[in-house]
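In what follows, a structure is listed as structure tokens, so that the remarks can point back to it.
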Amino acid sequence: MRLAPIALAITLAAPLWAQETGPAVISDGAAEEAAEALAAEAAGEATELQIVAASEVNLADMLWLRRPVVVFADTPADPRFSEQLELLAARPGPLIDRDVVVITDTEPDAMSPARRQLRPRGFQLVLIGKDGEVKLRKPIPWDVREITRSIDKWPLRRDELRQK
């Protein structure tokens, strides 16, 4: 059972380690999906949940563009950290619809800019609005449904829904 968090971490990090090994063969269906993904990306729409390490991102760069959901832990082996990533990966669609980017930080000694700014203790889930304000802090993992309900109560999100 302890292998599940490790397998999840490897699965989430695999695209970072992947290297091209030869020419790709694309079927007709895959070509259409790739074209749709590129069109969505060009239009500014994400096609998959973006998960990045805190050391690779600056929260200020996301101001008015994305809603960061920051997941802190003192170690990647923290069961709450693994559970939170599993919950987020299980239902990425609603998070993508709300312009969420997941930022992870499991290295307290590295003192990433996000860790210096938010000063977590142990495991912590932090929801940040597009305006850059911390909207919610939780010391326990939260389900996507709870996260999206919280986001949907924010004034900026309500404005977005009215404009659509």
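Chain lettering (A, B, ...) mirrors the order of the structure tokens, residue numbering begins at 1 for each chain separately, and ligand numbering begins at 1 in order of display.
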List as a PDB file with N, CA and C atoms, in the first residue's frame the protein and nucleic acid residues near Leu136 of chain A, meaning an atom at most 9 Å away when only C-alpha atoms are counted, but skip any in the same chain fewer than 3 places from it.
```
ATOM      1  N   LEU A 125      -2.839  22.976   2.708  1.00  0.00           N
ATOM      2  CA  LEU A 125      -3.455  23.251   1.415  1.00  0.00           C
ATOM      3  C   LEU A 125      -3.837  24.727   1.437  1.00  0.00           C
ATOM      4  N   VAL A 126      -3.355  25.490   0.442  1.00  0.00           N
ATOM      5  CA  VAL A 126      -3.623  26.926   0.389  1.00  0.00           C
ATOM      6  C   VAL A 126      -4.298  27.242  -0.942  1.00  0.00           C
ATOM      7  N   LEU A 127      -5.477  27.871  -0.866  1.00  0.00           N
ATOM      8  CA  LEU A 127      -6.188  28.313  -2.065  1.00  0.00           C
ATOM      9  C   LEU A 127      -5.957  29.808  -2.223  1.00  0.00           C
ATOM     10  N   ILE A 128      -5.496  30.198  -3.405  1.00  0.00           N
ATOM     11  CA  ILE A 128      -5.190  31.593  -3.694  1.00  0.00           C
ATOM     12  C   ILE A 128      -6.037  32.038  -4.879  1.00  0.00           C
ATOM     13  N   SER A 150     -15.697  26.164  -2.793  1.00  0.00           N
ATOM     14  CA  SER A 150     -15.089  27.339  -2.178  1.00  0.00           C
ATOM     15  C   SER A 150     -14.770  28.386  -3.245  1.00  0.00           C
TER      16      SER A 150
END
```
task: Give me the residues within 10 Å of Pro108 of chain A as a PyMOL selection string, counting only C-alpha atoms and dropping any in the same chain fewer than 4 places off.
output: chain A and resi 72-75+112+115-116+119-122
Would you mind writing down, as an MDAnalysis selection string, each residue of segment 71-123 of chain A that DSSP on the backbone assigns to helix (DSSP H, G or I)?
-> chainID A and resid 79:90 92:97 108:110 113:118
Write out, as a PDB file, in the first residue's frame, the residues just selected, with C-alpha atoms.
```
ATOM      1  CA  PRO A  79       0.315  10.502   3.555  1.00  0.00           C
ATOM      2  CA  ARG A  80      -1.771  13.692   3.529  1.00  0.00           C
ATOM      3  CA  PHE A  81       0.309  15.045   0.625  1.00  0.00           C
ATOM      4  CA  SER A  82      -0.172  11.814  -1.344  1.00  0.00           C
ATOM      5  CA  GLU A  83      -3.881  11.759  -0.579  1.00  0.00           C
ATOM      6  CA  GLN A  84      -4.277  15.376  -1.700  1.00  0.00           C
ATOM      7  CA  LEU A  85      -2.552  14.714  -5.036  1.00  0.00           C
ATOM      8  CA  GLU A  86      -4.713  11.633  -5.580  1.00  0.00           C
ATOM      9  CA  LEU A  87      -7.874  13.662  -4.880  1.00  0.00           C
ATOM     10  CA  LEU A  88      -6.812  16.392  -7.323  1.00  0.00           C
ATOM     11  CA  ALA A  89      -5.813  13.904 -10.037  1.00  0.00           C
ATOM     12  CA  ALA A  90      -9.099  11.996  -9.699  1.00  0.00           C
ATOM     13  CA  PRO A  92      -9.145  17.468 -12.857  1.00  0.00           C
ATOM     14  CA  GLY A  93     -11.973  18.798 -15.071  1.00  0.00           C
ATOM     15  CA  PRO A  94     -13.655  21.132 -12.575  1.00  0.00           C
ATOM     16  CA  LEU A  95     -10.256  22.530 -11.567  1.00  0.00           C
ATOM     17  CA  ILE A  96      -9.269  23.170 -15.186  1.00  0.00           C
ATOM     18  CA  ASP A  97     -12.599  24.972 -15.726  1.00  0.00           C
ATOM     19  CA  PRO A 108      11.093  22.906   3.539  1.00  0.00           C
ATOM     20  CA  ASP A 109      14.872  23.366   3.527  1.00  0.00           C
ATOM     21  CA  ALA A 110      14.847  24.796  -0.007  1.00  0.00           C
ATOM     22  CA  PRO A 113       9.379  31.777  -2.785  1.00  0.00           C
ATOM     23  CA  ALA A 114       5.919  30.277  -2.183  1.00  0.00           C
ATOM     24  CA  ARG A 115       7.066  28.769   1.138  1.00  0.00           C
ATOM     25  CA  ARG A 116       8.639  32.090   2.220  1.00  0.00           C
ATOM     26  CA  GLN A 117       5.465  33.987   1.309  1.00  0.00           C
ATOM     27  CA  LEU A 118       2.882  31.559   2.758  1.00  0.00           C
TER      28      LEU A 118
END
```
Between atom CA of Val100 of chain A and atom CA of Asp78 of chain A, what is the distance, to one decimal in Å?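 These atoms are spaced 22.8 Å apart.
The nearest approach to Arg137 of chain A among the residues A:Ala54, A:Met111, A:Phe123, A:Arg98, with only C-alpha atoms taken into account, belongs to A:Phe123.
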Of A:Val70, A:Thr47, A:Leu63, A:Arg157, the one nearest to Trp142 of chain A when counting only C-alpha atoms is A:Val70
Correct to one decimal, the distance atom CA of Trp154 of chain A-atom CA of Glu133 of chain A is 11.1 Å
Practice task
For each of A:Glu48, A:Glu107, A:Glu146, A:Asp131, take the minimum atom-to-atom distance to Pro76 of chain A, counting only C-alpha atoms, then give the residue where this is smallest.
Solution key: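 Using only C-alpha atoms, Pro76 of chain A sits closest to A:Glu107.
From atom CA of Val52 of chain A back to atom CA of Thr148 of chain A, the distance works out to 19.4 Å.
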